[in-house]
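Trainee: Just so it is clear, I am handing over protein_10.txt, which has compact mmCIF, C-alpha atoms.
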```
# COMPACT_ATOMS: atom_id res chain seq x y z
CA MET A 1 40.09 70.46 -6.92
CA ASP A 2 37.79 72.16 -4.37
CA LEU A 3 38.82 73.32 -0.88
CA SER A 4 37.65 70.12 0.83
CA GLU A 5 39.57 67.91 -1.60
CA ALA A 6 42.68 70.06 -1.16
CA LYS A 7 42.48 69.70 2.62
CA ASP A 8 42.07 65.92 2.30
CA SER A 9 45.07 65.76 -0.01
CA GLY A 10 47.07 67.87 2.42
CA ARG A 11 46.24 65.52 5.28
CA ARG A 12 47.27 62.50 3.23
CA PHE A 13 50.53 64.20 2.29
CA THR A 14 51.25 64.94 5.96
CA ALA A 15 50.63 61.31 6.88
CA TYR A 16 52.79 60.15 3.96
CA VAL A 17 55.71 62.37 5.03
CA GLU A 18 55.37 61.16 8.63
CA GLY A 19 55.81 57.63 7.33
CA LEU A 20 59.03 58.63 5.59
CA VAL A 21 60.27 60.54 8.64
CA SER A 22 60.01 57.32 10.65
CA VAL A 23 62.99 55.89 8.71
CA ILE A 24 65.01 59.02 7.99
CA GLY A 25 66.65 59.44 11.39
CA HIS A 26 66.81 62.79 13.19
CA ALA A 27 63.58 64.70 13.79
CA ASP A 28 65.17 67.90 12.44
CA ARG A 29 65.15 66.29 8.98
CA ALA A 30 61.34 66.17 8.92
CA ARG A 31 60.85 69.76 7.71
CA PRO A 32 63.38 69.71 4.86
CA LEU A 33 62.06 66.28 3.80
CA ARG A 34 58.54 67.65 3.61
CA ASP A 35 59.59 70.83 1.83
CA TYR A 36 61.83 69.06 -0.69
CA CYS A 37 59.09 66.59 -1.67
CA LEU A 38 56.54 69.40 -1.83
CA GLY A 39 58.86 71.50 -4.00
CA LEU A 40 59.25 68.59 -6.41
CA MET A 41 55.47 68.41 -6.86
CA LEU A 42 54.65 72.12 -7.09
CA PRO A 43 54.63 74.01 -10.40
CA CYS A 44 58.18 75.17 -10.99
CA GLU A 45 60.11 75.16 -14.25
CA ARG A 46 63.20 73.65 -12.67
CA LYS A 47 63.25 71.37 -9.63
CA SER A 48 66.71 72.29 -8.37
CA VAL A 49 67.29 73.59 -4.86
CA GLU A 50 67.06 77.36 -5.38
CA PRO A 51 63.74 77.47 -7.26
CA MET A 52 62.24 74.96 -4.81
CA ALA A 53 63.41 77.08 -1.87
CA ALA A 54 61.61 80.06 -3.42
CA VAL A 55 58.27 78.27 -3.80
CA THR A 56 58.32 76.45 -0.44
CA ALA A 57 59.57 79.35 1.72
CA PRO A 58 59.17 82.62 -0.22
CA GLU A 59 59.74 84.81 2.86
CA ARG A 60 63.02 83.13 3.87
CA THR A 61 64.41 81.82 0.60
CA ALA A 62 68.10 82.10 1.52
CA ALA A 63 67.74 80.10 4.74
CA GLN A 64 65.51 77.54 3.02
CA HIS A 65 68.07 77.18 0.23
CA GLN A 66 70.79 76.29 2.73
CA SER A 67 68.50 73.88 4.58
CA LEU A 68 67.46 71.96 1.46
CA LEU A 69 71.00 72.01 0.05
CA HIS A 70 72.42 70.46 3.20
CA PHE A 71 69.60 67.93 3.46
CA VAL A 72 70.00 66.58 -0.06
CA GLY A 73 73.75 67.01 -0.52
CA ASN A 74 75.12 66.12 2.91
CA GLY A 75 72.38 64.45 4.95
CA LYS A 76 73.49 61.04 6.23
CA TRP A 77 70.21 59.24 5.77
CA SER A 78 69.63 55.94 3.97
CA ASP A 79 68.25 55.92 0.43
CA GLU A 80 67.49 52.21 0.79
CA LYS A 81 65.36 52.72 3.92
CA VAL A 82 63.39 55.58 2.38
CA LEU A 83 62.75 53.65 -0.85
CA ALA A 84 61.63 50.64 1.20
CA LYS A 85 59.15 52.85 3.09
CA VAL A 86 57.92 54.40 -0.18
CA ARG A 87 57.13 50.99 -1.66
CA GLU A 88 55.45 49.96 1.62
CA LEU A 89 53.18 53.00 1.39
CA VAL A 90 52.57 53.09 -2.37
CA LEU A 91 52.50 49.51 -3.69
CA PRO A 92 49.19 48.67 -1.95
CA THR A 93 47.57 51.54 -3.88
CA ILE A 94 48.97 50.27 -7.17
CA GLU A 95 47.91 46.70 -6.36
CA ARG A 96 44.31 47.81 -5.74
CA GLN A 97 44.14 48.28 -9.51
CA GLY A 98 45.52 44.80 -10.15
CA PRO A 99 48.40 42.55 -9.09
CA ILE A 100 52.01 43.36 -9.87
CA GLU A 101 52.68 41.89 -13.32
CA ALA A 102 56.22 42.92 -14.13
CA TRP A 103 59.64 43.75 -12.75
CA ILE A 104 61.15 46.14 -15.27
CA ILE A 105 64.91 46.59 -15.59
CA ASP A 106 65.87 49.86 -17.24
CA ASP A 107 68.31 52.74 -17.21
CA THR A 108 67.91 56.44 -17.82
CA GLY A 109 70.44 59.03 -18.90
CA PHE A 110 70.97 62.66 -17.96
CA PRO A 111 72.97 64.84 -20.38
CA LYS A 112 75.65 66.83 -18.55
CA LYS A 113 78.33 69.40 -19.27
CA GLY A 114 81.87 69.09 -17.95
CA ARG A 115 83.54 66.09 -16.32
CA HIS A 116 83.19 66.66 -12.58
CA SER A 117 79.64 65.44 -11.83
CA VAL A 118 79.86 61.95 -10.38
CA GLY A 119 79.78 59.21 -13.04
CA VAL A 120 79.65 61.56 -16.01
CA ALA A 121 81.27 60.12 -19.13
CA ARG A 122 80.79 59.89 -22.86
CA GLN A 123 78.37 56.98 -23.16
CA TYR A 124 75.03 56.08 -24.70
CA CYS A 125 72.28 58.42 -23.51
CA GLY A 126 68.76 57.15 -24.13
CA GLN A 127 67.33 60.65 -23.73
CA LEU A 128 69.42 61.83 -26.69
CA GLY A 129 69.45 58.54 -28.60
CA LYS A 130 73.22 58.71 -29.12
CA GLN A 131 76.60 58.71 -27.41
CA ASP A 132 77.22 61.91 -25.45
CA ASN A 133 78.42 63.28 -22.14
CA CYS A 134 75.95 62.06 -19.53
CA GLN A 135 75.22 60.22 -16.29
CA VAL A 136 73.29 56.93 -16.41
CA ALA A 137 71.32 55.34 -13.58
CA VAL A 138 70.05 51.75 -13.48
CA SER A 139 66.65 51.06 -11.94
CA LEU A 140 64.24 48.28 -11.10
CA SER A 141 60.53 49.10 -11.15
CA LEU A 142 57.47 47.07 -10.18
CA ALA A 143 54.53 47.58 -12.53
CA ASN A 144 51.05 46.68 -13.61
CA ARG A 145 48.95 48.41 -16.24
CA HIS A 146 47.89 51.10 -13.78
CA ALA A 147 51.31 52.39 -12.71
CA SER A 148 54.92 51.57 -11.99
CA LEU A 149 57.17 52.43 -9.06
CA PRO A 150 60.97 52.36 -8.97
CA VAL A 151 62.09 50.24 -6.00
CA ALA A 152 65.86 50.42 -6.65
CA TYR A 153 67.97 53.11 -8.30
CA ARG A 154 71.76 53.36 -8.65
CA LEU A 155 74.19 55.42 -10.66
CA TYR A 156 76.37 53.52 -13.09
CA LEU A 157 80.00 54.38 -12.33
CA PRO A 158 82.14 53.92 -15.48
CA ALA A 159 85.43 52.02 -15.19
CA ASP A 160 87.61 55.13 -15.48
CA TRP A 161 85.71 56.74 -12.61
CA SER A 162 85.96 53.61 -10.49
CA ALA A 163 89.74 53.53 -10.96
CA ASP A 164 90.34 57.25 -10.26
CA PRO A 165 90.91 57.84 -6.51
CA GLU A 166 90.96 61.64 -6.79
CA ARG A 167 87.68 61.92 -8.70
CA ARG A 168 86.08 59.42 -6.34
CA ARG A 169 87.22 61.43 -3.31
CA LYS A 170 85.92 64.73 -4.66
CA ALA A 171 82.54 63.21 -5.57
CA GLY A 172 82.24 61.28 -2.29
CA VAL A 173 81.93 57.84 -3.88
CA PRO A 174 81.77 55.27 -1.03
CA GLU A 175 84.77 52.96 -0.74
CA GLU A 176 82.64 49.85 -1.17
CA ILE A 177 81.39 50.99 -4.58
CA GLY A 178 83.51 49.38 -7.29
CA PHE A 179 83.02 48.96 -10.99
CA LYS A 180 79.97 46.95 -12.05
CA THR A 181 78.45 46.67 -15.49
CA LYS A 182 74.85 47.80 -15.87
CA PRO A 183 73.57 44.19 -16.06
CA GLN A 184 75.52 43.41 -12.87
CA ILE A 185 73.88 46.36 -11.11
CA ALA A 186 70.49 45.18 -12.36
CA LEU A 187 71.10 41.66 -11.08
CA GLU A 188 72.09 43.05 -7.68
CA GLN A 189 68.80 44.98 -7.57
CA ILE A 190 66.82 41.90 -8.61
CA ARG A 191 68.43 39.80 -5.89
CA SER A 192 67.63 42.46 -3.27
CA ALA A 193 64.00 42.56 -4.43
CA CYS A 194 63.79 38.77 -4.13
CA ALA A 195 65.33 38.89 -0.65
CA ALA A 196 62.82 41.56 0.38
CA GLY A 197 59.95 39.29 -0.65
CA LEU A 198 58.38 41.73 -3.09
CA ALA A 199 55.41 40.55 -5.13
CA ARG A 200 56.92 38.82 -8.14
CA GLY A 201 56.30 39.65 -11.77
CA VAL A 202 57.74 38.76 -15.15
CA VAL A 203 61.16 40.41 -15.56
CA LEU A 204 61.15 42.70 -18.58
CA MET A 205 64.37 44.03 -20.10
CA ASP A 206 65.35 45.80 -23.29
CA PRO A 207 68.15 44.53 -25.55
CA ALA A 208 70.85 46.37 -23.58
CA TYR A 209 70.18 43.87 -20.78
CA GLY A 210 68.45 41.03 -22.61
CA VAL A 211 71.50 40.14 -24.70
CA ASP A 212 73.44 39.34 -21.52
CA ALA A 213 73.17 35.53 -21.31
CA ARG A 214 74.54 35.50 -17.76
CA LEU A 215 71.79 37.86 -16.62
CA ARG A 216 69.09 35.73 -18.23
CA THR A 217 70.59 32.58 -16.69
CA ALA A 218 70.61 34.25 -13.26
CA MET A 219 66.92 35.17 -13.63
CA THR A 220 66.08 31.53 -14.22
CA ALA A 221 68.24 30.44 -11.27
CA LEU A 222 66.27 32.85 -9.04
CA GLY A 223 63.02 31.28 -10.18
CA LEU A 224 62.01 34.34 -12.22
CA ILE A 225 60.36 34.34 -15.65
CA TYR A 226 61.60 36.88 -18.17
CA VAL A 227 60.84 38.55 -21.49
CA ALA A 228 64.19 39.82 -22.73
CA GLY A 229 64.73 42.05 -25.72
CA LEU A 230 67.41 40.86 -28.14
CA GLN A 231 69.49 42.08 -31.03
CA SER A 232 68.94 40.60 -34.48
CA ASN A 233 72.34 38.81 -34.40
CA THR A 234 71.61 36.93 -31.16
CA LEU A 235 72.33 33.24 -31.76
CA VAL A 236 69.83 30.45 -31.18
CA TRP A 237 69.60 26.80 -32.14
CA ALA A 238 67.33 26.41 -35.12
CA PRO A 239 63.76 25.38 -34.25
CA GLY A 240 63.50 21.62 -33.88
CA THR A 241 67.22 20.91 -33.57
CA GLY A 242 68.78 19.04 -30.67
CA GLN A 243 71.40 20.17 -28.21
CA GLU A 244 74.47 19.34 -30.20
CA GLU A 245 78.03 20.32 -29.45
CA ALA A 246 79.47 23.05 -31.65
CA ARG A 247 82.82 24.65 -31.10
CA SER A 248 83.35 28.30 -31.76
CA PRO A 249 86.49 28.90 -33.84
CA LYS A 250 88.31 32.19 -34.17
CA ARG A 251 86.37 35.36 -34.97
CA GLY A 252 83.31 34.00 -33.20
CA ARG A 253 82.07 31.86 -36.10
CA TRP A 254 80.08 28.78 -35.21
CA SER A 255 80.79 25.45 -36.86
CA ALA A 256 77.26 24.05 -36.36
CA PRO A 257 74.82 24.81 -39.19
CA GLN A 258 71.95 24.42 -36.70
CA VAL A 259 72.96 27.69 -34.99
CA MET A 260 71.21 30.72 -36.53
CA SER A 261 70.80 34.38 -35.77
CA ALA A 262 67.40 35.55 -34.58
CA LYS A 263 67.02 37.47 -37.84
CA ASP A 264 67.76 34.37 -39.93
CA VAL A 265 65.12 32.46 -37.98
CA ALA A 266 62.63 35.23 -38.69
CA LEU A 267 63.41 35.23 -42.42
CA SER A 268 63.02 31.45 -42.60
CA LEU A 269 59.48 31.40 -41.19
CA PRO A 270 56.56 30.78 -43.58
CA ALA A 271 53.95 33.48 -44.20
CA LYS A 272 51.37 31.61 -42.13
CA ALA A 273 53.54 32.04 -39.00
CA TRP A 274 52.85 35.79 -38.91
CA ARG A 275 49.80 37.25 -37.16
CA LYS A 276 48.51 40.75 -36.64
CA ILE A 277 48.13 41.31 -32.89
CA GLY A 278 47.08 44.40 -30.94
CA TRP A 279 48.25 45.05 -27.40
CA ARG A 280 46.81 48.35 -26.06
CA GLU A 281 44.94 51.50 -26.98
CA GLY A 282 47.12 54.29 -28.32
CA SER A 283 46.29 58.00 -28.38
CA ALA A 284 44.42 57.67 -31.68
CA GLU A 285 43.84 53.96 -32.29
CA ARG A 286 44.69 50.51 -30.98
CA LEU A 287 48.39 49.68 -31.35
CA SER A 288 49.06 46.58 -33.41
CA SER A 289 51.75 44.94 -35.50
CA ARG A 290 52.74 41.61 -37.11
CA PHE A 291 54.33 38.98 -34.88
CA ALA A 292 55.63 35.43 -35.13
CA ARG A 293 56.81 33.12 -32.37
CA VAL A 294 58.76 29.88 -32.32
CA ARG A 295 60.31 27.65 -29.68
CA VAL A 296 64.14 27.74 -29.69
CA ARG A 297 67.12 27.19 -27.42
CA ALA A 298 69.54 30.03 -26.81
CA ALA A 299 73.10 29.44 -28.01
CA HIS A 300 76.16 30.92 -26.32
CA ARG A 301 79.62 31.60 -27.64
CA HIS A 302 81.07 30.84 -24.23
CA GLY A 303 82.16 27.21 -24.36
CA GLY A 304 80.19 26.53 -27.55
CA LEU A 305 77.47 24.48 -25.82
CA THR A 306 73.80 24.96 -25.04
CA GLU A 307 74.63 23.49 -21.61
CA GLY A 308 71.24 21.86 -21.22
CA ARG A 309 69.21 25.04 -21.74
CA ALA A 310 65.48 24.51 -22.01
CA GLU A 311 63.41 25.69 -24.94
CA GLU A 312 61.97 29.17 -24.73
CA TRP A 313 59.95 31.49 -26.91
CA LEU A 314 61.58 33.58 -29.62
CA LEU A 315 59.09 36.37 -30.33
CA ILE A 316 59.62 38.50 -33.43
CA GLU A 317 57.93 41.72 -34.54
CA TRP A 318 57.89 42.60 -38.25
CA PRO A 319 55.65 45.60 -38.95
CA LYS A 320 53.78 45.53 -42.22
CA GLY A 321 55.61 47.46 -44.91
CA GLU A 322 59.01 47.24 -43.20
CA ALA A 323 61.92 45.66 -45.07
CA ALA A 324 63.03 43.54 -42.09
CA PRO A 325 61.91 42.52 -38.61
CA SER A 326 62.24 45.33 -36.07
CA LYS A 327 62.30 43.67 -32.63
CA TYR A 328 63.13 40.33 -31.04
CA TRP A 329 62.57 38.82 -27.59
CA LEU A 330 63.44 35.60 -25.75
CA SER A 331 60.98 34.52 -23.07
CA THR A 332 60.69 31.74 -20.52
CA LEU A 333 56.92 32.20 -20.24
CA ALA A 334 55.01 28.92 -20.39
CA ASP A 335 54.95 27.01 -23.67
CA ASP A 336 51.13 27.14 -23.68
CA ILE A 337 50.80 30.88 -23.11
CA PRO A 338 48.35 32.47 -25.59
CA PHE A 339 50.08 34.36 -28.39
CA ARG A 340 48.37 37.65 -27.50
CA ARG A 341 49.41 37.35 -23.87
CA LEU A 342 53.05 36.84 -24.86
CA VAL A 343 52.94 40.01 -26.99
CA ASP A 344 51.18 41.84 -24.17
CA TYR A 345 54.04 41.10 -21.77
CA ALA A 346 56.69 42.05 -24.31
CA LYS A 347 55.00 45.42 -24.81
CA LEU A 348 54.35 46.17 -21.12
CA ARG A 349 57.61 48.12 -20.93
CA TRP A 350 55.62 51.10 -22.27
CA ARG A 351 54.47 51.61 -18.69
CA ILE A 352 57.92 52.56 -17.44
CA GLU A 353 58.61 54.75 -20.47
CA ARG A 354 55.55 56.81 -19.66
CA ASP A 355 56.29 56.99 -15.96
CA TYR A 356 59.94 57.92 -16.45
CA GLN A 357 58.78 60.76 -18.67
CA GLU A 358 56.61 61.98 -15.80
CA LEU A 359 59.44 61.55 -13.28
CA LYS A 360 61.64 63.76 -15.45
CA GLN A 361 59.15 66.34 -16.66
CA GLU A 362 56.81 66.66 -13.67
CA VAL A 363 59.00 65.80 -10.69
CA GLY A 364 62.44 66.90 -11.92
CA LEU A 365 64.42 63.66 -11.71
CA GLY A 366 67.13 65.11 -13.97
CA HIS A 367 67.31 68.57 -12.40
CA PHE A 368 69.88 67.92 -9.67
CA GLU A 369 72.78 70.38 -10.04
CA GLY A 370 75.22 68.97 -7.50
CA ARG A 371 78.21 66.83 -8.29
CA GLY A 372 78.35 64.28 -5.48
CA TRP A 373 77.33 60.64 -5.14
CA ARG A 374 75.18 61.21 -2.04
CA GLY A 375 73.31 64.19 -3.47
CA PHE A 376 72.63 62.43 -6.78
CA HIS A 377 71.01 59.47 -5.01
CA HIS A 378 69.23 61.55 -2.34
CA HIS A 379 67.60 63.71 -5.02
CA ALA A 380 66.50 60.63 -6.98
CA THR A 381 65.11 58.98 -3.84
CA LEU A 382 63.07 62.08 -2.98
CA CYS A 383 61.83 62.32 -6.58
CA ILE A 384 60.65 58.71 -6.34
CA ALA A 385 59.03 59.49 -2.97
CA ALA A 386 57.19 62.50 -4.42
CA TYR A 387 56.18 60.51 -7.48
CA GLY A 388 54.94 57.69 -5.25
CA PHE A 389 52.63 60.11 -3.45
CA LEU A 390 51.28 61.38 -6.76
CA VAL A 391 50.60 57.80 -7.86
CA SER A 392 48.69 57.22 -4.63
CA GLU A 393 46.64 60.38 -5.21
CA ARG A 394 45.49 59.47 -8.71
CA GLU A 395 42.45 57.63 -7.38
CA THR A 396 41.19 60.88 -5.80
CA ILE A 397 41.50 62.96 -9.02
CA PRO A 398 38.36 63.20 -11.19
CA PRO A 399 38.75 61.98 -14.78
CA SER A 400 38.80 65.57 -16.07
CA GLY A 401 41.50 66.61 -13.60
CA PRO A 402 45.27 66.70 -14.09
CA ARG A 403 47.25 63.51 -13.54
CA SER A 404 49.86 64.79 -11.14
CA THR A 405 50.84 68.18 -9.80
CA GLY A 406 47.28 69.46 -9.55
CA SER A 407 46.69 67.18 -6.55
CA VAL A 408 48.91 69.15 -4.17
CA PRO A 409 48.24 72.61 -2.70
CA GLN A 410 50.01 75.55 -4.30
CA LEU A 411 52.10 77.96 -2.24
CA ALA A 412 52.50 81.65 -2.87
CA VAL A 413 55.81 83.07 -4.12
CA SER A 414 56.85 86.55 -3.08
CA GLN A 415 56.01 89.12 -5.76
CA GLY A 416 58.82 89.85 -8.17
CA HIS A 417 60.96 86.87 -7.12
CA ARG A 418 62.66 85.20 -10.10
CA PRO A 419 64.21 81.86 -9.07
CA ARG A 420 67.22 80.72 -11.02
CA GLY A 421 66.14 78.61 -13.98
CA SER A 422 62.87 80.47 -14.57
CA ALA A 423 61.96 81.57 -18.09
CA ALA A 424 62.69 85.21 -17.27
CA THR A 425 66.25 84.44 -16.22
CA ALA A 426 67.04 81.58 -18.57
CA ALA A 427 69.45 83.76 -20.54
CA LYS A 428 71.56 84.33 -17.45
CA THR A 429 73.24 80.96 -17.48
CA HIS A 430 75.99 79.69 -15.20
CA PRO A 431 78.25 77.57 -17.42
CA GLN A 432 80.46 76.69 -14.47
CA LEU A 433 77.61 74.63 -13.02
CA ASP A 434 76.88 71.12 -14.27
CA ARG A 435 73.44 71.56 -15.77
CA ASP A 436 71.14 69.02 -17.36
CA ASN A 437 69.45 69.79 -20.65
CA ALA A 438 65.69 70.15 -20.71
CA PRO A 439 64.08 66.73 -20.18
CA THR A 440 62.66 64.83 -23.10
CA PRO A 441 60.82 61.50 -23.20
CA HIS A 442 62.75 58.40 -22.15
CA ARG A 443 63.80 56.05 -24.95
CA GLY A 444 60.86 54.30 -26.50
CA ALA A 445 59.93 50.68 -25.91
CA GLY A 446 57.49 50.35 -28.79
```
In structure tokens, how does this file's structure come out?
Mentor:
Amino acid sequence: MDLSEAKDSGRRFTAYVEGLVSVIGHADRARPLRDYCLGLMLPCERKSVEPMAAVTAPERTAAQHQSLLHFVGNGKWSDEKVLAKVRELVLPTIERQGPIEAWIIDDTGFPKKGRHSVGVARQYCGQLGKQDNCQVAVSLSLANRHASLPVAYRLYLPADWSADPERRRKAGVPEEIGFKTKPQIALEQIRSACAAGLARGVVLMDPAYGVDARLRTAMTALGLIYVAGLQSNTLVWAPGTGQEEARSPKRGRWSAPQVMSAKDVALSLPAKAWRKIGWREGSAERLSSRFARVRVRAAHRHGGLTEGRAEEWLLIEWPKGEAAPSKYWLSTLADDIPFRRLVDYAKLRWRIERDYQELKQEVGLGHFEGRGWRGFHHHATLCIAAYGFLVSERETIPPSGPRSTGSVPQLAVSQGHRPRGSAATAAKTHPQLDRDNAPTPHRGAG
């Protein structure tokens, strides 16, 4: 990036921050807002407050540290208003590359030590691929093939946290926040996006959300189309069967022979049902696999009836050489949708996997070291704001240039300063602080 391009980028960043300042309240928040977002985008091994204070104000690091710490941990500004302004500023840039195609429901985990950081519990962590001590946040992102942008983001508060007044008080959890499952949080975010009139797309969800029949039913009630990942034991009415009553006796066993698992449907399909289909270019070659699709009706254990559910697509992936099918989806996309297009939608979740990796590795989404509810969400909101600016800047970066942090000016750091978390001081750990592990790619979508 030459000097002229850097100046242009700086002017755009100033205008972008001014847009955010318009919804953040007091004018004295403008400087820490600018500096926090800038610190998130500048080269720095760890995007927690102290290292960012060092790179954004090297001559007054202590004062800057206190300013940023208060702004993110205690500032009484609205995450919802800032995220709304971010989408207002950024979505038009994304849509210049093509219309919004998908609303992607997802969650992301942050490994943690100790038990005092808000929402931390032993639960599944996608970053680690196993159960461990972590925080988990649920998000809704709008996406096309060019980019995605989170438009809603909320920490999942486990039931034991929700029912513990002392832990809630210490972490500053608002009184109105009660226990909600992750699908319930996702549905709340979807309803808010509908109410805000955001450009609609096909709702994409992985099996953690797709298996929730109530969530899928709510999508349809809202007039939304979905492609929902499933587990192999998800029950459907066999292709071609009617909507017959079948009671569910003890131990969840169905009495109707027409009800089959998704895996059993896959195993019953003839060889001619399977097609090799590619969906996008990978790093070395075009990604492809074997797929089959069939029209089915979802079956529910609750009440033992299909309750008038319409037919939808059951899409199955069975890679060549594998002993069994690997992935399953239910979709309410049109019955005449081309096969390749159906696969294309099912695989579009790769967009958010890539962008979450950038949010964690480039912008420091998982680097917040505080313990409170407000700070957790403020840091995430500012990460999304910084990421949104970087998305907007991509059009100005030449093909040979870097995708993200190279588009912002670099600030000097005082000679000899070693911010906490740098490589030179990594051995001097502070185990009493709740620290995240080094970020790794978000769980894969295939």
Trainee: Using all atoms listed in the file, which protein or nucleic acid residues come within 10 Å of region 338-354 of chain A? Drop anything in the same chain fewer than 3 positions from it, and give the result as a PyMOL selection string.
Mentor: chain A and resi 101-106+108+140-150+202-206+226-229+275-280+288-289+291-293+313+315-317+328-331+333-335+357-359+441-446
Trainee: Calculated over only C-alpha atoms, which of the candidates A:Pro92, A:Ser117, A:Glu50, A:Gln97 has the smallest distance to Gln66 (chain A)?
Mentor: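 Smallest distance to Gln66 (chain A) is found for A:Glu50.
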Trainee: Taking 6 positions as the minimum chain separation for residues in the same chain, which residues sit within 6 Å of region 127-139 of chain A when counting only C-alpha atoms? Answer as a list in words.
Mentor: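 The residues that qualify are Asp106, Asp107, Thr108, Gly109, Phe110, Pro111, Lys112, Gly119, Val120, Ala121, Ala152, Tyr153, Arg154, Leu155, Tyr156, His442 and Arg443 of chain A.
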Trainee: Would you mind telling me which residue in A:Glu166, A:Glu188, A:Asp264, A:Asp28 lies nearest to Ala324 (chain A) when using all atoms listed in the file?
Mentor: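 For Ala324 (chain A), the nearest of the candidates is A:Asp264.
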Trainee: What's the 8 Å shell around Gln258 (chain A), counting only C-alpha atoms, without same-chain residues fewer than 6 positions away, as a list in words?
Mentor: Trp237, Ala238 and Thr241 of chain A
Trainee: List the spatial neighbours of Leu222 (chain A) as a compact mmCIF listing (two decimals) with C-alpha atoms, in the coordinates of the input - criterion: any atom at most 12 Å away, all atoms listed in the file, same-chain residues fewer than 5 positions off excluded.
Mentor:
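Ended up saving to out-v3.txt:
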```
# COMPACT_ATOMS: atom_id res chain seq x y z
CA LEU A 187 71.10 41.66 -11.08
CA GLU A 188 72.09 43.05 -7.68
CA ILE A 190 66.82 41.90 -8.61
CA ARG A 191 68.43 39.80 -5.89
CA SER A 192 67.63 42.46 -3.27
CA ALA A 193 64.00 42.56 -4.43
CA CYS A 194 63.79 38.77 -4.13
CA ALA A 195 65.33 38.89 -0.65
CA ARG A 200 56.92 38.82 -8.14
CA VAL A 203 61.16 40.41 -15.56
CA LEU A 215 71.79 37.86 -16.62
CA ARG A 216 69.09 35.73 -18.23
CA THR A 217 70.59 32.58 -16.69
```
Trainee: Anything within 9 Å of (87.5, 70.2, -8.7): list those residues as a VMD selection string, counting all atoms listed in the file and sticking to the file's coordinates.
Mentor: chain A and resid 116 167 170
Trainee: One decimal, in Å: what's the spacing between CA of Arg12 (chain A) and CA of Glu393 (chain A)?
Mentor: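 Answer for the CA of Arg12 (chain A) to CA of Glu393 (chain A) separation: 8.7 Å.
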Trainee: Show me the residues around (51.8, 52.6, 0.4) - criterion: an atom at most 10 Å away, only C-alpha atoms counted - as a PyMOL selection string.
Mentor: chain A and resi 16+19+85-95+388-389+391-392
Trainee: If you measure from CA of Asp35 (chain A) to CA of Gly10 (chain A), what distance in Å do you get, rounded to one decimal?
Mentor: 12.9 Å
Trainee: Please, what distance in Å, to one decimal, runs between CA of Asp336 (chain A) and CA of Val294 (chain A)?
Mentor: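 It comes out at 11.8 Å.
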